[in-house]
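> Enclosed is the structure file my_file_19.cif (mmCIF, C-alpha atoms, pLDDT in the B column; chains and numbers go by the auth columns).
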```
data_coords
loop_
_atom_site.group_PDB
_atom_site.id
_atom_site.type_symbol
_atom_site.label_atom_id
_atom_site.label_comp_id
_atom_site.label_asym_id
_atom_site.label_seq_id
_atom_site.Cartn_x
_atom_site.Cartn_y
_atom_site.Cartn_z
_atom_site.B_iso_or_equiv
_atom_site.auth_seq_id
_atom_site.auth_asym_id
ATOM 1 C CA MET A 1 0.000 0.000 0.000 52.00 1 K
ATOM 2 C CA ARG A 2 2.834 2.394 0.940 51.00 2 K
ATOM 3 C CA SER A 3 4.689 1.603 -2.308 53.00 3 K
ATOM 4 C CA ILE A 4 1.540 2.335 -4.338 51.00 4 K
ATOM 5 C CA LEU A 5 1.168 5.735 -2.648 51.00 5 K
ATOM 6 C CA ILE A 6 4.845 6.585 -3.210 51.00 6 K
ATOM 7 C CA PHE A 7 4.580 5.613 -6.897 49.00 7 K
ATOM 8 C CA SER A 8 1.387 7.635 -7.333 54.00 8 K
ATOM 9 C CA PHE A 9 2.816 10.757 -5.644 50.00 9 K
ATOM 10 C CA THR A 10 5.996 10.471 -7.747 53.00 10 K
ATOM 11 C CA PHE A 11 3.924 10.155 -10.925 50.00 11 K
ATOM 12 C CA ILE A 12 1.777 13.158 -9.953 54.00 12 K
ATOM 13 C CA ILE A 13 4.923 15.236 -9.536 47.00 13 K
ATOM 14 C CA SER A 14 6.269 14.048 -12.893 52.00 14 K
ATOM 15 C CA ILE A 15 3.088 14.764 -14.868 51.00 15 K
ATOM 16 C CA THR A 16 2.708 18.218 -13.348 47.00 16 K
ATOM 17 C CA SER A 17 6.317 19.144 -14.151 46.00 17 K
ATOM 18 C CA TYR A 18 5.766 19.559 -17.900 47.00 18 K
ATOM 19 C CA SER A 19 3.315 21.463 -20.045 44.00 19 K
ATOM 20 C CA GLN A 20 3.276 19.147 -23.039 80.00 20 K
ATOM 21 C CA TYR A 21 5.660 17.095 -25.149 88.00 21 K
ATOM 22 C CA LYS A 22 7.123 18.941 -28.116 90.00 22 K
ATOM 23 C CA ILE A 23 8.045 16.344 -30.701 95.00 23 K
ATOM 24 C CA SER A 24 10.372 17.462 -33.459 95.00 24 K
ATOM 25 C CA VAL A 25 12.813 15.787 -35.830 97.00 25 K
ATOM 26 C CA SER A 26 16.370 17.041 -36.082 96.00 26 K
ATOM 27 C CA GLU A 27 19.509 16.007 -37.960 97.00 27 K
ATOM 28 C CA LYS A 28 22.935 15.157 -36.586 96.00 28 K
ATOM 29 C CA SER A 29 25.897 12.892 -37.214 96.00 29 K
ATOM 30 C CA VAL A 30 25.448 9.538 -35.458 95.00 30 K
ATOM 31 C CA ASN A 31 27.872 6.656 -35.091 93.00 31 K
ATOM 32 C CA PHE A 32 26.652 3.375 -36.616 94.00 32 K
ATOM 33 C CA GLU A 33 28.374 0.032 -37.187 90.00 33 K
ATOM 34 C CA SER A 34 29.309 1.197 -40.686 87.00 34 K
ATOM 35 C CA GLY A 35 30.609 4.580 -39.488 91.00 35 K
ATOM 36 C CA ASN A 36 29.310 8.095 -38.827 95.00 36 K
ATOM 37 C CA HIS A 37 26.351 9.106 -40.981 96.00 37 K
ATOM 38 C CA ASN A 38 23.848 11.919 -41.119 97.00 38 K
ATOM 39 C CA ALA A 39 20.777 10.737 -39.223 97.00 39 K
ATOM 40 C CA TYR A 40 17.305 11.977 -38.405 98.00 40 K
ATOM 41 C CA THR A 41 16.650 11.980 -34.667 98.00 41 K
ATOM 42 C CA VAL A 42 13.416 12.184 -32.724 98.00 42 K
ATOM 43 C CA THR A 43 12.659 11.704 -29.017 96.00 43 K
ATOM 44 C CA VAL A 44 9.940 9.264 -27.992 97.00 44 K
ATOM 45 C CA TYR A 45 8.508 9.878 -24.528 96.00 45 K
ATOM 46 C CA GLU A 46 7.059 7.517 -21.905 95.00 46 K
ATOM 47 C CA CYS A 47 8.530 4.453 -23.637 94.00 47 K
ATOM 48 C CA SER A 48 11.479 2.164 -23.005 94.00 48 K
ATOM 49 C CA SER A 49 14.187 1.569 -25.610 94.00 49 K
ATOM 50 C CA LYS A 50 12.849 -1.942 -26.036 94.00 50 K
ATOM 51 C CA ASP A 51 9.370 -0.637 -26.859 95.00 51 K
ATOM 52 C CA VAL A 52 10.692 2.003 -29.269 97.00 52 K
ATOM 53 C CA GLU A 53 12.781 -0.617 -31.073 96.00 53 K
ATOM 54 C CA LYS A 54 9.797 -2.945 -31.340 95.00 54 K
ATOM 55 C CA HIS A 55 7.599 -0.184 -32.750 96.00 55 K
ATOM 56 C CA TRP A 56 10.269 1.011 -35.205 97.00 56 K
ATOM 57 C CA LYS A 57 10.854 -2.510 -36.539 96.00 57 K
ATOM 58 C CA LYS A 58 7.145 -2.668 -37.311 96.00 58 K
ATOM 59 C CA GLU A 59 7.377 0.756 -38.959 96.00 59 K
ATOM 60 C CA MET A 60 10.223 -0.466 -41.177 96.00 60 K
ATOM 61 C CA LYS A 61 8.245 -3.572 -42.118 96.00 61 K
ATOM 62 C CA ASP A 62 5.377 -1.290 -43.121 95.00 62 K
ATOM 63 C CA MET A 63 7.902 0.286 -45.517 95.00 63 K
ATOM 64 C CA LYS A 64 8.374 -3.185 -47.064 94.00 64 K
ATOM 65 C CA ALA A 65 11.903 -3.403 -45.629 96.00 65 K
ATOM 66 C CA ASN A 66 13.734 -6.602 -44.741 97.00 66 K
ATOM 67 C CA VAL A 67 14.339 -6.019 -41.026 96.00 67 K
ATOM 68 C CA SER A 68 17.285 -7.375 -39.047 95.00 68 K
ATOM 69 C CA SER A 69 19.129 -6.551 -35.824 93.00 69 K
ATOM 70 C CA LYS A 70 22.805 -6.657 -34.937 87.00 70 K
ATOM 71 C CA LYS A 71 23.952 -5.801 -31.430 82.00 71 K
ATOM 72 C CA ASN A 72 22.140 -2.545 -30.610 86.00 72 K
ATOM 73 C CA GLU A 73 21.489 -1.557 -34.213 95.00 73 K
ATOM 74 C CA MET A 74 18.437 -2.171 -36.378 96.00 74 K
ATOM 75 C CA LYS A 75 18.596 -2.366 -40.156 96.00 75 K
ATOM 76 C CA GLY A 76 15.937 -2.201 -42.844 96.00 76 K
ATOM 77 C CA ASP A 77 17.007 -3.268 -46.329 96.00 77 K
ATOM 78 C CA ASP A 78 15.274 -2.366 -49.580 95.00 78 K
ATOM 79 C CA ALA A 79 12.582 -0.202 -48.053 96.00 79 K
ATOM 80 C CA LYS A 80 10.179 1.598 -50.317 94.00 80 K
ATOM 81 C CA ILE A 81 7.819 4.531 -49.755 93.00 81 K
ATOM 82 C CA LYS A 82 5.540 5.785 -52.504 89.00 82 K
ATOM 83 C CA ASP A 83 6.159 9.450 -51.657 90.00 83 K
ATOM 84 C CA MET A 84 9.928 8.841 -51.889 88.00 84 K
ATOM 85 C CA GLY A 85 9.785 7.620 -55.486 85.00 85 K
ATOM 86 C CA GLU A 86 10.405 4.242 -57.082 87.00 86 K
ATOM 87 C CA ASN A 87 13.902 3.635 -55.735 91.00 87 K
ATOM 88 C CA THR A 88 14.480 1.522 -52.641 95.00 88 K
ATOM 89 C CA PHE A 89 16.674 2.594 -49.728 96.00 89 K
ATOM 90 C CA ASP A 90 18.298 1.115 -46.628 96.00 90 K
ATOM 91 C CA MET A 91 17.857 2.277 -43.030 96.00 91 K
ATOM 92 C CA TYR A 92 20.152 2.086 -40.022 97.00 92 K
ATOM 93 C CA ALA A 93 18.568 2.830 -36.635 97.00 93 K
ATOM 94 C CA VAL A 94 19.788 3.072 -33.046 97.00 94 K
ATOM 95 C CA THR A 95 18.153 4.140 -29.801 96.00 95 K
ATOM 96 C CA ASN A 96 19.619 6.051 -26.880 95.00 96 K
ATOM 97 C CA GLU A 97 17.944 6.540 -23.507 94.00 97 K
ATOM 98 C CA THR A 98 18.153 10.077 -22.118 93.00 98 K
ATOM 99 C CA ASP A 99 16.698 11.887 -19.105 92.00 99 K
ATOM 100 C CA LYS A 100 13.869 13.150 -21.309 90.00 100 K
ATOM 101 C CA GLY A 101 13.029 9.999 -23.240 94.00 101 K
ATOM 102 C CA VAL A 102 14.351 7.619 -25.875 97.00 102 K
ATOM 103 C CA GLU A 103 16.177 9.096 -28.836 97.00 103 K
ATOM 104 C CA LEU A 104 15.613 7.243 -32.080 98.00 104 K
ATOM 105 C CA SER A 105 18.233 8.042 -34.731 97.00 105 K
ATOM 106 C CA VAL A 106 17.822 6.736 -38.272 98.00 106 K
ATOM 107 C CA ALA A 107 20.225 7.093 -41.198 97.00 107 K
ATOM 108 C CA TYR A 108 18.811 6.605 -44.706 97.00 108 K
ATOM 109 C CA ASP A 109 21.120 5.206 -47.352 96.00 109 K
ATOM 110 C CA LEU A 110 19.717 6.195 -50.743 95.00 110 K
ATOM 111 C CA GLY A 111 22.370 4.210 -52.569 90.00 111 K
ATOM 112 C CA GLY A 112 25.675 5.988 -52.591 83.00 112 K
ATOM 113 C CA ALA A 113 24.629 8.883 -50.372 93.00 113 K
ATOM 114 C CA PHE A 114 22.965 9.254 -47.000 96.00 114 K
ATOM 115 C CA MET A 115 19.912 11.470 -46.922 96.00 115 K
ATOM 116 C CA SER A 116 20.184 15.044 -45.628 96.00 116 K
ATOM 117 C CA SER A 117 17.911 18.048 -45.796 95.00 117 K
ATOM 118 C CA SER A 118 20.537 20.071 -47.646 94.00 118 K
ATOM 119 C CA GLN A 119 20.838 17.566 -50.507 94.00 119 K
ATOM 120 C CA HIS A 120 17.464 15.799 -50.456 93.00 120 K
ATOM 121 C CA SER A 121 14.922 18.408 -49.442 93.00 121 K
ATOM 122 C CA ASP A 122 11.732 16.738 -50.698 93.00 122 K
ATOM 123 C CA GLN A 123 12.642 13.281 -49.437 94.00 123 K
ATOM 124 C CA SER A 124 13.663 14.726 -46.064 95.00 124 K
ATOM 125 C CA LYS A 125 10.225 16.267 -45.630 95.00 125 K
ATOM 126 C CA VAL A 126 8.650 12.834 -46.168 96.00 126 K
ATOM 127 C CA ILE A 127 10.992 11.155 -43.664 96.00 127 K
ATOM 128 C CA LYS A 128 10.590 13.889 -41.054 97.00 128 K
ATOM 129 C CA LYS A 129 6.814 13.536 -41.214 97.00 129 K
ATOM 130 C CA ILE A 130 7.047 9.747 -40.908 96.00 130 K
ATOM 131 C CA MET A 131 9.360 9.960 -37.884 97.00 131 K
ATOM 132 C CA HIS A 132 7.327 12.741 -36.285 98.00 132 K
ATOM 133 C CA ASP A 133 4.085 10.792 -36.660 97.00 133 K
ATOM 134 C CA PHE A 134 5.838 7.664 -35.393 97.00 134 K
ATOM 135 C CA ALA A 135 7.072 9.447 -32.243 97.00 135 K
ATOM 136 C CA VAL A 136 3.624 10.947 -31.591 97.00 136 K
ATOM 137 C CA LYS A 137 1.948 7.548 -31.949 96.00 137 K
ATOM 138 C CA ALA A 138 4.541 5.712 -29.810 96.00 138 K
ATOM 139 C CA THR A 139 4.444 8.405 -27.103 96.00 139 K
ATOM 140 C CA LYS A 140 0.647 8.269 -26.939 95.00 140 K
ATOM 141 C CA GLU A 141 0.774 4.492 -26.720 95.00 141 K
ATOM 142 C CA GLY A 142 3.289 4.761 -23.870 94.00 142 K
ATOM 143 C CA ILE A 143 1.050 7.240 -22.063 94.00 143 K
ATOM 144 C CA ARG A 144 -1.946 4.932 -22.558 95.00 144 K
ATOM 145 C CA GLY A 145 0.083 2.153 -20.915 93.00 145 K
ATOM 146 C CA ILE A 146 0.762 4.405 -17.933 93.00 146 K
ATOM 147 C CA LEU A 147 -2.901 5.437 -17.860 95.00 147 K
ATOM 148 C CA LYS A 148 -3.992 1.797 -17.753 95.00 148 K
ATOM 149 C CA LYS A 149 -1.619 1.121 -14.877 94.00 149 K
ATOM 150 C CA GLU A 150 -2.733 4.228 -12.965 95.00 150 K
ATOM 151 C CA GLU A 151 -6.398 3.360 -13.515 96.00 151 K
ATOM 152 C CA GLY A 152 -5.636 -0.082 -12.101 96.00 152 K
ATOM 153 C CA ILE A 153 -4.100 1.512 -9.014 96.00 153 K
ATOM 154 C CA GLN A 154 -7.121 3.832 -8.739 96.00 154 K
ATOM 155 C CA HIS A 155 -9.493 0.856 -8.952 97.00 155 K
ATOM 156 C CA HIS A 156 -7.475 -0.955 -6.278 97.00 156 K
ATOM 157 C CA LEU A 157 -7.569 2.084 -3.976 97.00 157 K
ATOM 158 C CA GLU A 158 -11.302 2.562 -4.547 97.00 158 K
ATOM 159 C CA LYS A 159 -11.871 -1.107 -3.715 96.00 159 K
ATOM 160 C CA GLU A 160 -9.877 -0.691 -0.502 97.00 160 K
ATOM 161 C CA GLN A 161 -11.923 2.412 0.297 97.00 161 K
ATOM 162 C CA ASP A 162 -15.173 0.458 -0.252 97.00 162 K
ATOM 163 C CA ASN A 163 -13.891 -2.255 2.081 97.00 163 K
ATOM 164 C CA LEU A 164 -13.060 0.371 4.725 97.00 164 K
ATOM 165 C CA VAL A 165 -16.563 1.853 4.441 97.00 165 K
ATOM 166 C CA LYS A 166 -18.156 -1.588 4.739 97.00 166 K
ATOM 167 C CA ASN A 167 -15.949 -2.456 7.701 97.00 167 K
ATOM 168 C CA LYS A 168 -16.897 0.814 9.433 97.00 168 K
ATOM 169 C CA GLU A 169 -20.597 0.071 8.877 97.00 169 K
ATOM 170 C CA LYS A 170 -20.090 -3.424 10.336 97.00 170 K
ATOM 171 C CA LEU A 171 -18.281 -2.035 13.383 97.00 171 K
ATOM 172 C CA GLU A 172 -21.028 0.529 13.920 97.00 172 K
ATOM 173 C CA LYS A 173 -23.625 -2.256 13.689 96.00 173 K
ATOM 174 C CA ASP A 174 -21.586 -4.332 16.140 97.00 174 K
ATOM 175 C CA ILE A 175 -21.465 -1.397 18.552 97.00 175 K
ATOM 176 C CA GLU A 176 -25.227 -0.942 18.219 96.00 176 K
ATOM 177 C CA ASN A 177 -25.788 -4.624 18.955 97.00 177 K
ATOM 178 C CA TRP A 178 -23.322 -4.544 21.835 97.00 178 K
ATOM 179 C CA GLU A 179 -25.041 -1.483 23.319 96.00 179 K
ATOM 180 C CA LYS A 180 -28.371 -3.297 23.137 95.00 180 K
ATOM 181 C CA SER A 181 -26.775 -6.336 24.771 96.00 181 K
ATOM 182 C CA ILE A 182 -25.255 -4.152 27.498 96.00 182 K
ATOM 183 C CA GLU A 183 -28.601 -2.473 28.100 95.00 183 K
ATOM 184 C CA LYS A 184 -30.302 -5.853 28.325 95.00 184 K
ATOM 185 C CA ALA A 185 -27.553 -7.128 30.655 96.00 185 K
ATOM 186 C CA LYS A 186 -28.074 -4.128 32.960 96.00 186 K
ATOM 187 C CA LYS A 187 -31.793 -4.896 33.164 95.00 187 K
ATOM 188 C CA ASP A 188 -31.017 -8.572 33.705 96.00 188 K
ATOM 189 C CA ILE A 189 -28.678 -7.605 36.582 96.00 189 K
ATOM 190 C CA GLU A 190 -31.413 -5.536 38.244 95.00 190 K
ATOM 191 C CA GLN A 191 -33.864 -8.393 37.848 96.00 191 K
ATOM 192 C CA ASN A 192 -31.221 -10.783 39.184 97.00 192 K
ATOM 193 C CA LYS A 193 -30.868 -8.638 42.337 96.00 193 K
ATOM 194 C CA LYS A 194 -34.625 -8.762 42.901 95.00 194 K
ATOM 195 C CA ASP A 195 -34.646 -12.510 42.250 96.00 195 K
ATOM 196 C CA GLN A 196 -31.820 -12.960 44.769 96.00 196 K
ATOM 197 C CA GLU A 197 -33.749 -11.020 47.386 95.00 197 K
ATOM 198 C CA SER A 198 -36.837 -13.155 46.776 96.00 198 K
ATOM 199 C CA LYS A 199 -34.767 -16.295 46.814 96.00 199 K
ATOM 200 C CA SER A 200 -33.114 -15.274 50.099 97.00 200 K
ATOM 201 C CA LYS A 201 -36.544 -14.856 51.686 95.00 201 K
ATOM 202 C CA GLU A 202 -37.599 -18.277 50.360 96.00 202 K
ATOM 203 C CA ILE A 203 -34.405 -19.795 51.815 97.00 203 K
ATOM 204 C CA GLU A 204 -35.029 -18.137 55.207 96.00 204 K
ATOM 205 C CA ALA A 205 -38.574 -19.508 55.246 96.00 205 K
ATOM 206 C CA GLN A 206 -37.339 -22.953 54.243 96.00 206 K
ATOM 207 C CA ILE A 207 -34.709 -22.902 56.999 96.00 207 K
ATOM 208 C CA LYS A 208 -37.508 -22.327 59.528 95.00 208 K
ATOM 209 C CA VAL A 209 -39.464 -25.268 58.034 95.00 209 K
ATOM 210 C CA VAL A 210 -36.382 -27.524 58.282 96.00 210 K
ATOM 211 C CA GLU A 211 -35.749 -26.449 61.904 94.00 211 K
ATOM 212 C CA ALA A 212 -39.398 -27.130 62.761 93.00 212 K
ATOM 213 C CA VAL A 213 -39.162 -30.648 61.313 93.00 213 K
ATOM 214 C CA LYS A 214 -35.959 -31.284 63.219 92.00 214 K
ATOM 215 C CA ALA A 215 -37.633 -30.075 66.437 91.00 215 K
ATOM 216 C CA LYS A 216 -40.576 -32.368 65.790 90.00 216 K
ATOM 217 C CA GLU A 217 -38.180 -35.300 65.373 87.00 217 K
ATOM 218 C CA LYS A 218 -36.453 -34.546 68.691 89.00 218 K
ATOM 219 C CA ALA A 219 -39.797 -34.323 70.477 90.00 219 K
ATOM 220 C CA VAL A 220 -40.519 -37.988 69.718 88.00 220 K
ATOM 221 C CA LYS A 221 -39.528 -40.093 72.833 85.00 221 K
#
```
In structure tokens, write the structure found in this file.


Amino acid sequence: MRSILIFSFTFIISITSYSQYKISVSEKSVNFESGNHNAYTVTVYECSSKDVEKHWKKEMKDMKANVSSKKNEMKGDDAKIKDMGENTFDMYAVTNETDKGVELSVAYDLGGAFMSSSQHSDQSKVIKKIMHDFAVKATKEGIRGILKKEEGIQHHLEKEQDNLVKNKEKLEKDIENWEKSIEKAKKDIEQNKKDQESKSKEIEAQIKVVEAVKAKEKAVK
């Protein structure tokens, strides 16, 4: 129970410490297995690296790519997007966990050159939109996962509250019954005192009867 409260208070602090997530795609040089290449980078929030990698592999498959993984790097061969033209391209992707979220960096090999905004303006716009939409979708899915967990905690707390209310009602009923029992016991005690007095008088009378019989026995000679 204490751990649930600590987790909930920590989460409340975390969700009140930001206004909203600003998702944007930037470009920078990133180190891949094949060397440093220009890559498009976007931050996915409220997700683990494992989840981001899983979602991005699916995204690459949706681009008709042959997906594989090697160490911490994902690769998509022969991908094809209608808005990018008829030519296929290869993708190299890595993730990096930061204090803010998970950075997804993807380099696009167009066949002899890696994509960049300066040299491939139209194609870059397509890729930036895809990665932006991907990050929005993955972040929302991560938040929905947190929401489900928090709703579960809320349900658990509400159930505990219901049990406390029911237990209080039972205790109040017990007290009411006990008070009635105590009241009855008090009356029974008063009646018992009267019965004892009556019984004492009966005993005194009986003692006199017994003594009279004994006297009668002694008088026989």

> How would you write, as JSON, numbers by chain, the residues chosen by the PyMOL selection byres ((chain K and resi 128-144) around 10) on this structure?

{"K": [21, 22, 23, 24, 25, 26, 27, 40, 41, 42, 43, 44, 45, 46, 47, 48, 51, 52, 55, 56, 59, 101, 102, 103, 104, 105, 106, 117, 123, 124, 125, 126, 127, 145, 146, 147, 148, 149, 150]}

> Could you tell me how far atom CA of K:Thr98 sits from atom CA of K:Ala65, in Å to one decimal place?

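Between atom CA of K:Ala65 and atom CA of K:Thr98 the gap is 27.8 Å.
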
> Using all atoms listed in the file, list the residues that have an atom at most 10 Å from (27.3, 1.0, -42.9), coordinates as in the file, as a list in words.

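It turns out the residues near that spot are Asn31, Phe32, Glu33, Ser34, Gly35, Asn36, His37, Lys75, Asp90, Met91, Tyr92, Ala107 and Asp109 of chain K.
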
> Mind giving me the axis-aligned box for stretch 171-190 of chain K with 4 Å on every side, centre plus edges in Å to one decimal, as AutoDock Vina command-line options?


```
--center_x -25.0 --center_y -4.0 --center_z 25.8 --size_x 21.5 --size_y 17.1 --size_z 32.9
```

> Using the chain letters and numbers from the file, give me the residues hit by the PyMOL selection byres ((chain K and resi 63) around 9), as a PyMOL selection string.

chain K and resi 58-62+64-65+76+78-81

> Measuring between all atoms listed in the file, which one of K:Lys199, K:His120, K:Lys100, K:Lys214 shows the shortest distance to K:Met84?

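Ranked by minimum distance to K:Met84, first place goes to K:His120.
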
> If we count only C-alpha atoms and set the cut-off at 8 Å, which residues sit around K:Met74, ignoring sequence neighbours fewer than 4 positions away in its own chain? Please answer as a list in words.

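In the requested format, the answer is Glu53, Lys57, Val67, Ser68, Ser69, Lys70, Tyr92, Ala93 and Val94 of chain K.
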
> Export, as a PDB file, in the frame of the given file, the selected residues with C-alpha atoms.


```
ATOM      1  CA  GLU K  53      12.781  -0.617 -31.073  1.00 96.00           C
ATOM      2  CA  LYS K  57      10.854  -2.510 -36.539  1.00 96.00           C
ATOM      3  CA  VAL K  67      14.339  -6.019 -41.026  1.00 96.00           C
ATOM      4  CA  SER K  68      17.285  -7.375 -39.047  1.00 95.00           C
ATOM      5  CA  SER K  69      19.129  -6.551 -35.824  1.00 93.00           C
ATOM      6  CA  LYS K  70      22.805  -6.657 -34.937  1.00 87.00           C
ATOM      7  CA  TYR K  92      20.152   2.086 -40.022  1.00 97.00           C
ATOM      8  CA  ALA K  93      18.568   2.830 -36.635  1.00 97.00           C
ATOM      9  CA  VAL K  94      19.788   3.072 -33.046  1.00 97.00           C
TER      10      VAL K  94
END
```

> Atom CA of K:Trp178 and atom CA of K:Val165 are how many Å apart?

19.7 Å
